[in-house]
file final_33.txt (compact mmCIF, C-alpha atoms)
# COMPACT_ATOMS: atom_id res chain seq x y z
CA MET A 1 -53.62 -34.19 -49.96
CA THR A 2 -53.84 -35.98 -46.62
CA ARG A 3 -51.50 -35.57 -43.73
CA ARG A 4 -49.97 -38.16 -41.45
CA PHE A 5 -47.89 -37.97 -38.33
CA ARG A 6 -44.24 -38.56 -39.26
CA PRO A 7 -41.99 -37.10 -36.54
CA GLY A 8 -38.27 -37.35 -36.97
CA LEU A 9 -36.09 -39.48 -34.74
CA TRP A 10 -34.13 -36.68 -33.07
CA PRO A 11 -37.18 -34.48 -32.33
CA THR A 12 -38.87 -37.52 -30.80
CA LEU A 13 -35.88 -38.28 -28.60
CA ALA A 14 -35.62 -34.66 -27.52
CA VAL A 15 -39.30 -34.46 -26.60
CA ALA A 16 -39.14 -37.80 -24.80
CA ALA A 17 -36.34 -36.45 -22.64
CA LEU A 18 -37.54 -32.87 -22.09
CA LEU A 19 -41.31 -33.20 -21.76
CA PRO A 20 -41.36 -35.48 -18.66
CA ALA A 21 -38.67 -33.32 -17.03
CA MET A 22 -40.69 -30.11 -17.57
CA VAL A 23 -43.88 -31.67 -16.25
CA ALA A 24 -42.01 -33.09 -13.24
CA LEU A 25 -40.53 -29.67 -12.48
CA GLY A 26 -44.00 -28.13 -12.68
CA PHE A 27 -45.41 -30.60 -10.16
CA TRP A 28 -42.35 -30.14 -7.94
CA GLN A 29 -43.06 -26.41 -7.83
CA LEU A 30 -46.66 -27.16 -6.88
CA HIS A 31 -45.37 -29.37 -4.09
CA ARG A 32 -43.13 -26.55 -2.90
CA ALA A 33 -46.16 -24.26 -2.94
CA ASP A 34 -48.03 -26.74 -0.71
CA VAL A 35 -45.10 -26.77 1.71
CA LYS A 36 -45.02 -22.97 1.74
CA GLN A 37 -48.79 -22.90 2.27
CA ALA A 38 -48.34 -24.90 5.47
CA LEU A 39 -45.54 -22.51 6.48
CA GLN A 40 -47.77 -19.50 5.77
CA GLU A 41 -50.46 -20.97 7.99
CA GLU A 42 -47.86 -21.36 10.72
CA TYR A 43 -46.77 -17.73 10.24
CA ASP A 44 -50.34 -16.51 10.56
CA ALA A 45 -51.16 -18.72 13.55
CA ARG A 46 -48.08 -17.58 15.47
CA ALA A 47 -48.51 -13.91 14.58
CA THR A 48 -52.18 -13.78 15.60
CA GLY A 49 -52.01 -16.05 18.65
CA PRO A 50 -51.27 -15.09 22.26
CA ALA A 51 -48.08 -13.08 22.71
CA VAL A 52 -45.00 -14.99 23.85
CA ARG A 53 -42.85 -13.34 26.51
CA VAL A 54 -39.17 -12.93 25.70
CA GLU A 55 -37.32 -14.16 28.76
CA PRO A 56 -34.28 -12.56 30.46
CA ARG A 57 -32.10 -15.45 29.26
CA MET A 58 -30.92 -16.61 25.88
CA GLN A 59 -33.56 -18.46 23.85
CA ARG A 60 -33.56 -20.35 20.56
CA ALA A 61 -34.65 -18.50 17.44
CA GLU A 62 -37.22 -21.21 16.73
CA ASP A 63 -38.88 -20.59 20.12
CA LEU A 64 -39.60 -16.98 19.13
CA ARG A 65 -39.57 -16.69 15.34
CA PHE A 66 -42.83 -15.48 13.76
CA TYR A 67 -44.54 -15.20 17.15
CA ARG A 68 -46.02 -12.02 18.47
CA VAL A 69 -43.76 -11.37 21.42
CA THR A 70 -43.77 -9.09 24.42
CA VAL A 71 -40.82 -7.91 26.50
CA ARG A 72 -40.03 -5.25 29.06
CA GLY A 73 -36.75 -3.39 29.05
CA THR A 74 -34.76 -0.24 28.39
CA TYR A 75 -33.53 1.03 25.02
CA GLU A 76 -29.83 1.79 24.60
CA THR A 77 -28.54 4.42 22.19
CA ALA A 78 -25.11 2.78 21.88
CA ASN A 79 -24.85 0.38 18.93
CA GLN A 80 -28.10 1.55 17.38
CA ILE A 81 -28.11 0.80 13.63
CA TYR A 82 -29.63 2.59 10.65
CA ILE A 83 -30.58 0.17 7.83
CA ASP A 84 -30.20 2.03 4.53
CA ASN A 85 -32.39 2.05 1.40
CA ARG A 86 -35.77 1.48 3.04
CA VAL A 87 -38.72 3.02 1.21
CA HIS A 88 -42.04 4.13 2.69
CA GLN A 89 -44.80 5.55 0.47
CA GLY A 90 -42.27 6.30 -2.26
CA ARG A 91 -39.82 8.10 0.03
CA ALA A 92 -36.32 6.85 0.77
CA GLY A 93 -35.12 6.48 4.31
CA TYR A 94 -33.86 4.11 6.97
CA HIS A 95 -35.09 1.48 9.39
CA VAL A 96 -33.77 2.11 12.89
CA VAL A 97 -32.74 -0.95 14.92
CA THR A 98 -32.19 -0.29 18.61
CA PRO A 99 -30.89 -2.68 21.30
CA LEU A 100 -33.27 -3.22 24.22
CA ARG A 101 -31.77 -4.36 27.49
CA ILE A 102 -34.24 -6.89 28.88
CA GLU A 103 -35.30 -5.98 32.39
CA GLY A 104 -33.42 -7.89 35.07
CA SER A 105 -30.67 -9.22 32.81
CA GLU A 106 -27.69 -8.43 30.59
CA VAL A 107 -29.43 -9.92 27.54
CA ARG A 108 -30.32 -7.54 24.71
CA LEU A 109 -33.06 -7.83 22.13
CA LEU A 110 -32.83 -5.93 18.85
CA VAL A 111 -35.98 -3.96 17.99
CA ASN A 112 -36.74 -2.45 14.58
CA ARG A 113 -38.48 0.72 15.76
CA GLY A 114 -39.58 1.67 12.26
CA TRP A 115 -38.87 3.96 9.32
CA LEU A 116 -37.20 7.36 9.30
CA PRO A 117 -36.92 9.61 6.19
CA LEU A 118 -33.61 10.77 4.79
CA GLY A 119 -32.25 13.98 6.23
CA PRO A 120 -31.26 17.01 4.14
CA ASP A 121 -27.73 15.64 3.79
CA ARG A 122 -26.99 11.95 3.20
CA ALA A 123 -23.60 12.40 4.81
CA GLN A 124 -25.37 13.06 8.13
CA LEU A 125 -27.83 10.54 9.54
CA PRO A 126 -31.06 12.10 10.83
CA PRO A 127 -31.69 11.93 14.59
CA ALA A 128 -33.74 8.98 15.86
CA PRO A 129 -34.57 9.84 19.48
CA VAL A 130 -34.72 6.80 21.77
CA PRO A 131 -37.63 6.62 24.25
CA ALA A 132 -36.28 6.92 27.79
CA GLY A 133 -37.11 4.69 30.73
CA VAL A 134 -38.57 1.22 30.91
CA GLN A 135 -40.59 0.27 27.80
CA ASP A 136 -43.17 -2.43 27.18
CA VAL A 137 -42.34 -3.70 23.70
CA VAL A 138 -44.71 -5.79 21.60
CA GLY A 139 -44.02 -6.97 18.04
CA ILE A 140 -43.37 -9.82 15.65
CA ALA A 141 -40.11 -11.74 16.07
CA THR A 142 -38.29 -12.35 12.78
CA VAL A 143 -34.93 -13.71 11.66
CA PRO A 144 -33.29 -11.63 8.89
CA SER A 145 -31.57 -13.43 6.04
CA ASP A 146 -28.07 -14.55 6.99
CA LYS A 147 -26.91 -14.34 3.36
CA PRO A 148 -27.98 -10.93 2.03
CA PHE A 149 -26.44 -9.42 -1.09
CA ARG A 150 -23.73 -6.97 -0.08
CA LEU A 151 -21.65 -4.53 -2.08
CA GLY A 152 -18.98 -4.44 0.63
CA ALA A 153 -18.24 -4.98 4.30
CA GLU A 154 -20.54 -3.30 6.83
CA ALA A 155 -19.20 -0.53 9.06
CA MET A 156 -18.04 -1.13 12.61
CA LEU A 157 -20.59 -0.53 15.35
CA ARG A 158 -20.43 2.95 16.85
CA ASP A 159 -21.19 3.85 20.45
CA ASP A 160 -22.97 7.05 19.40
CA GLY A 161 -25.80 5.14 17.72
CA GLN A 162 -24.91 6.37 14.22
CA THR A 163 -23.93 3.10 12.54
CA LEU A 164 -25.14 2.69 8.94
CA TRP A 165 -25.60 -0.80 7.49
CA GLN A 166 -27.16 -2.01 4.25
CA HIS A 167 -28.71 -5.07 5.90
CA MET A 168 -29.37 -6.31 9.43
CA ASP A 169 -26.82 -8.99 10.30
CA LEU A 170 -27.68 -10.54 13.67
CA ALA A 171 -24.59 -12.74 13.76
CA ARG A 172 -22.31 -9.80 12.96
CA PHE A 173 -23.95 -7.67 15.64
CA ALA A 174 -23.74 -10.40 18.29
CA GLY A 175 -20.06 -10.94 17.46
CA ASP A 176 -19.21 -7.25 17.79
CA VAL A 177 -20.73 -6.64 21.24
CA ARG A 178 -19.84 -7.92 24.68
CA TYR A 179 -23.32 -8.88 25.84
CA PRO A 180 -25.63 -11.75 24.83
CA VAL A 181 -28.16 -10.94 22.08
CA GLN A 182 -31.39 -12.81 21.42
CA PRO A 183 -31.28 -14.46 17.94
CA VAL A 184 -34.33 -12.58 16.59
CA LEU A 185 -35.21 -9.09 15.41
CA VAL A 186 -38.54 -7.72 16.63
CA LEU A 187 -40.69 -5.63 14.28
CA LEU A 188 -42.33 -3.22 16.69
CA ASP A 189 -46.13 -3.12 16.55
CA PRO A 190 -47.43 -0.13 14.53
CA ASP A 191 -49.62 0.95 17.46
CA SER A 192 -46.87 0.69 20.07
CA ALA A 193 -45.87 3.79 21.99
CA ALA A 194 -42.38 2.32 22.53
CA GLY A 195 -40.86 3.42 19.25
CA GLY A 196 -41.59 6.91 18.00
CA LEU A 197 -41.06 6.14 14.29
CA THR A 198 -43.23 5.20 11.29
CA ARG A 199 -44.17 1.51 11.15
CA GLU A 200 -46.19 -0.16 8.39
CA TRP A 201 -44.95 -3.74 8.11
CA SER A 202 -45.92 -6.10 5.31
CA ARG A 203 -47.51 -9.41 6.21
CA LEU A 204 -44.92 -12.18 6.54
CA ASP A 205 -45.04 -13.97 3.18
CA ALA A 206 -43.84 -17.53 2.65
CA GLY A 207 -43.61 -16.99 -1.13
CA ILE A 208 -46.45 -19.27 -2.30
CA ALA A 209 -47.20 -17.16 -5.39
CA VAL A 210 -43.60 -17.49 -6.60
CA HIS A 211 -43.85 -21.29 -6.76
CA HIS A 212 -47.23 -21.13 -8.49
CA GLY A 213 -45.68 -18.82 -11.06
CA TYR A 214 -42.76 -21.18 -11.67
CA ALA A 215 -45.13 -24.15 -11.98
CA PHE A 216 -47.19 -22.27 -14.58
CA GLN A 217 -44.03 -21.50 -16.57
CA TRP A 218 -42.89 -25.13 -16.61
CA PHE A 219 -46.32 -26.40 -17.68
CA MET A 220 -46.53 -23.75 -20.41
CA LEU A 221 -43.07 -24.72 -21.68
CA ALA A 222 -44.14 -28.36 -21.73
CA ALA A 223 -47.33 -27.51 -23.62
CA THR A 224 -45.43 -25.34 -26.10
CA LEU A 225 -42.85 -28.07 -26.71
CA LEU A 226 -45.57 -30.65 -27.32
CA ALA A 227 -47.48 -28.32 -29.64
CA ILE A 228 -44.38 -27.64 -31.75
CA TYR A 229 -43.59 -31.36 -31.90
CA LEU A 230 -47.10 -32.22 -33.07
CA PHE A 231 -47.20 -29.37 -35.57
CA LEU A 232 -43.90 -30.32 -37.19
CA GLY A 233 -44.71 -34.03 -37.04
CA TRP A 234 -47.82 -33.77 -39.23
CA ARG A 235 -46.70 -33.74 -42.86
CA ARG A 236 -48.54 -33.95 -46.13
CA ARG A 237 -48.34 -37.37 -47.70
CA GLY A 238 -47.59 -35.85 -51.06
CA ALA A 239 -44.70 -33.88 -49.65
CA GLN A 240 -43.31 -37.04 -48.11
CA ALA A 241 -43.56 -38.89 -51.43
CA GLY A 242 -41.89 -36.00 -53.24
CA ASP A 243 -39.08 -35.98 -50.69
CA ALA A 244 -38.52 -39.65 -51.35
call {"tool": "encode", "arguments": {"input": "final_33.txt", "output": "structure tokens"}}
result
Amino acid sequence: MTRRFRPGLWPTLAVAALLPAMVALGFWQLHRADVKQALQEEYDARATGPAVRVEPRMQRAEDLRFYRVTVRGTYETANQIYIDNRVHQGRAGYHVVTPLRIEGSEVRLLVNRGWLPLGPDRAQLPPAPVPAGVQDVVGIATVPSDKPFRLGAEAMLRDDGQTLWQHMDLARFAGDVRYPVQPVLVLLDPDSAAGGLTREWSRLDAGIAVHHGYAFQWFMLAATLLAIYLFLGWRRRGAQAGDA
């Protein structure tokens, strides 16, 4: 018996509506990947170019973000923050964010000095000694997400430097203190002597692979839909005659 292509009306309408949409979504994800590729190149260029000096006045986040920056100032223990649930080489611990008073001004810059392991008792934060005196800080300026997932409200800032937060909230910090705060968080260079903690930062990632993965999924769904449509559309002529 021979076969011929006899798709039904409703399957044809469904494929006509869904197939172009799936393909379009796949190409849109590829476009997003191209946009993120350009952003990744900007990340890399800024991070590996000449260091930008953080000035003793308020600056825009865009003027500093993703650049390797340098600044001179003094760390302050008051309002230091421990960021919980940070893992290094399989061990749980904290990131320690310390305000740096920029030399010659009242402006502060928040510096992530690195990772610290959990202490013997989670109810007591481990000590994170702050380097004394004027420090020359070098690192990558970042802007933490302003919409992180939270299980509840963060604690109030404490003057003893023992504040525990789940995420770094620059806006919250700036609103709780009485001095101006630069709108970036600096990830201290791993080789810097101005920190005293463990630092092993991941490369800033624009998320290109995510969009490639989504594009692959949409194209595979489109191919699967088309294959099913073609498979079900081919029917034996004898079967069609018997159905009649």
call {"tool": "residues_around", "arguments": {"input": "final_33.txt", "residues": "Leu19 in chain A", "least_positions_apart": "4", "cutoff": "9 Å", "atoms": "all atoms listed in the file", "output": "list in words"}}
result
Ala14, Val15, Val23, Ala24, Leu221, Ala222, Ala223, Leu225 and Leu226 of chain A
call {"tool": "residues_around", "arguments": {"input": "final_33.txt", "residues": "Asn79 in chain A", "least_positions_apart": "6", "cutoff": "6 Å", "atoms": "all atoms listed in the file", "output": "list in words"}}
result
Leu157, Arg158, Asp159 and Gly161 of chain A
call {"tool": "closest_residue", "arguments": {"input": "final_33.txt", "among": "A:Ile228, A:Met220, A:Val69, A:Ala209", "to": "Arg32 in chain A", "atoms": "all atoms listed in the file"}}
result
A:Ala209
call {"tool": "closest_atom_pairs", "arguments": {"input": "final_33.txt", "of": "range 57-115 of chain A", "to": "range 123-146 of chain A", "cutoff": "9 Å", "atoms": "all atoms listed in the file", "output": "tab-separated table"}}
result
residue	atom	partner	partner_atom	distance
A:Ala61	CA	A:Val143	CA	7.5
A:Leu64	CA	A:Ala141	CA	6.1
A:Arg65	CA	A:Ala141	CA	5.0
A:Phe66	CA	A:Ala141	CA	5.2
A:Tyr67	CA	A:Ile140	CA	5.7
A:Arg68	CA	A:Ile140	CA	4.5
A:Val69	CA	A:Gly139	CA	5.6
A:Thr70	CA	A:Val138	CA	4.4
A:Val71	CA	A:Val137	CA	5.3
A:Arg72	CA	A:Asp136	CA	4.6
A:Gly73	CA	A:Val134	CA	5.3
A:Thr74	CA	A:Val134	CA	4.8
A:Tyr75	CA	A:Val130	CA	6.7
A:Glu76	CA	A:Val130	CA	7.6
A:Thr77	CA	A:Val130	CA	6.6
A:Tyr82	CA	A:Leu125	CA	8.2
A:Val96	CA	A:Ala128	CA	7.5
A:Thr98	CA	A:Val130	CA	8.2
A:Leu100	CA	A:Gln135	CA	8.9
A:Glu103	CA	A:Val134	CA	8.0
A:Val111	CA	A:Val137	CA	8.6
call {"tool": "closest_residue", "arguments": {"input": "final_33.txt", "among": "A:Leu25, A:Leu188, A:Leu110, A:Ala16", "to": "Ala215 in chain A", "atoms": "all atoms listed in the file"}}
result
A:Leu25
call {"tool": "closest_residue", "arguments": {"input": "final_33.txt", "among": "A:Leu164, A:Leu232, A:Ala51, A:Leu30", "to": "Ile81 in chain A", "atoms": "all atoms listed in the file"}}
result
A:Leu164
call {"tool": "atom_distance", "arguments": {"input": "final_33.txt", "atom1": "CA of Ala171 in chain A", "atom2": "CA of Pro183 in chain A"}}
result
8.1 Å
call {"tool": "closest_residue", "arguments": {"input": "final_33.txt", "among": "A:Gln182, A:Gln37, A:Thr224, A:Thr198", "to": "Glu62 in chain A", "atoms": "all atoms listed in the file"}}
result
A:Gln182
call {"tool": "axis_aligned_box", "arguments": {"input": "final_33.txt", "around": "range 95-99 of chain A", "padding_each_side": "4 Å", "output": "AutoDock Vina command-line options"}}
result
--center_x -33.0 --center_y -0.3 --center_z 15.3 --size_x 12.2 --size_y 12.8 --size_z 19.9
call {"tool": "residues_around", "arguments": {"input": "final_33.txt", "residues": "Val35 in chain A", "least_positions_apart": "6", "cutoff": "12 Å", "atoms": "all atoms listed in the file", "output": "list in words"}}
result
Trp28, Gln29, Glu41, Glu42, Ala206, Gly207, Ile208, His211 and His212 of chain A
call {"tool": "atom_distance", "arguments": {"input": "final_33.txt", "atom1": "CA of Pro56 in chain A", "atom2": "CA of Asp160 in chain A"}}
result
25.2 Å
call {"tool": "atom_distance", "arguments": {"input": "final_33.txt", "atom1": "CA of Gly93 in chain A", "atom2": "CA of Leu116 in chain A"}}
result
5.5 Å
call {"tool": "closest_residue", "arguments": {"input": "final_33.txt", "among": "A:Ser105, A:Trp218, A:Ala227, A:Trp115", "to": "Phe27 in chain A", "atoms": "all atoms listed in the file"}}
result
A:Trp218
call {"tool": "closest_residue", "arguments": {"input": "final_33.txt", "among": "A:Gly233, A:Pro120, A:Gly104, A:Gly114", "to": "His88 in chain A", "atoms": "only C-alpha atoms"}}
result
A:Gly114
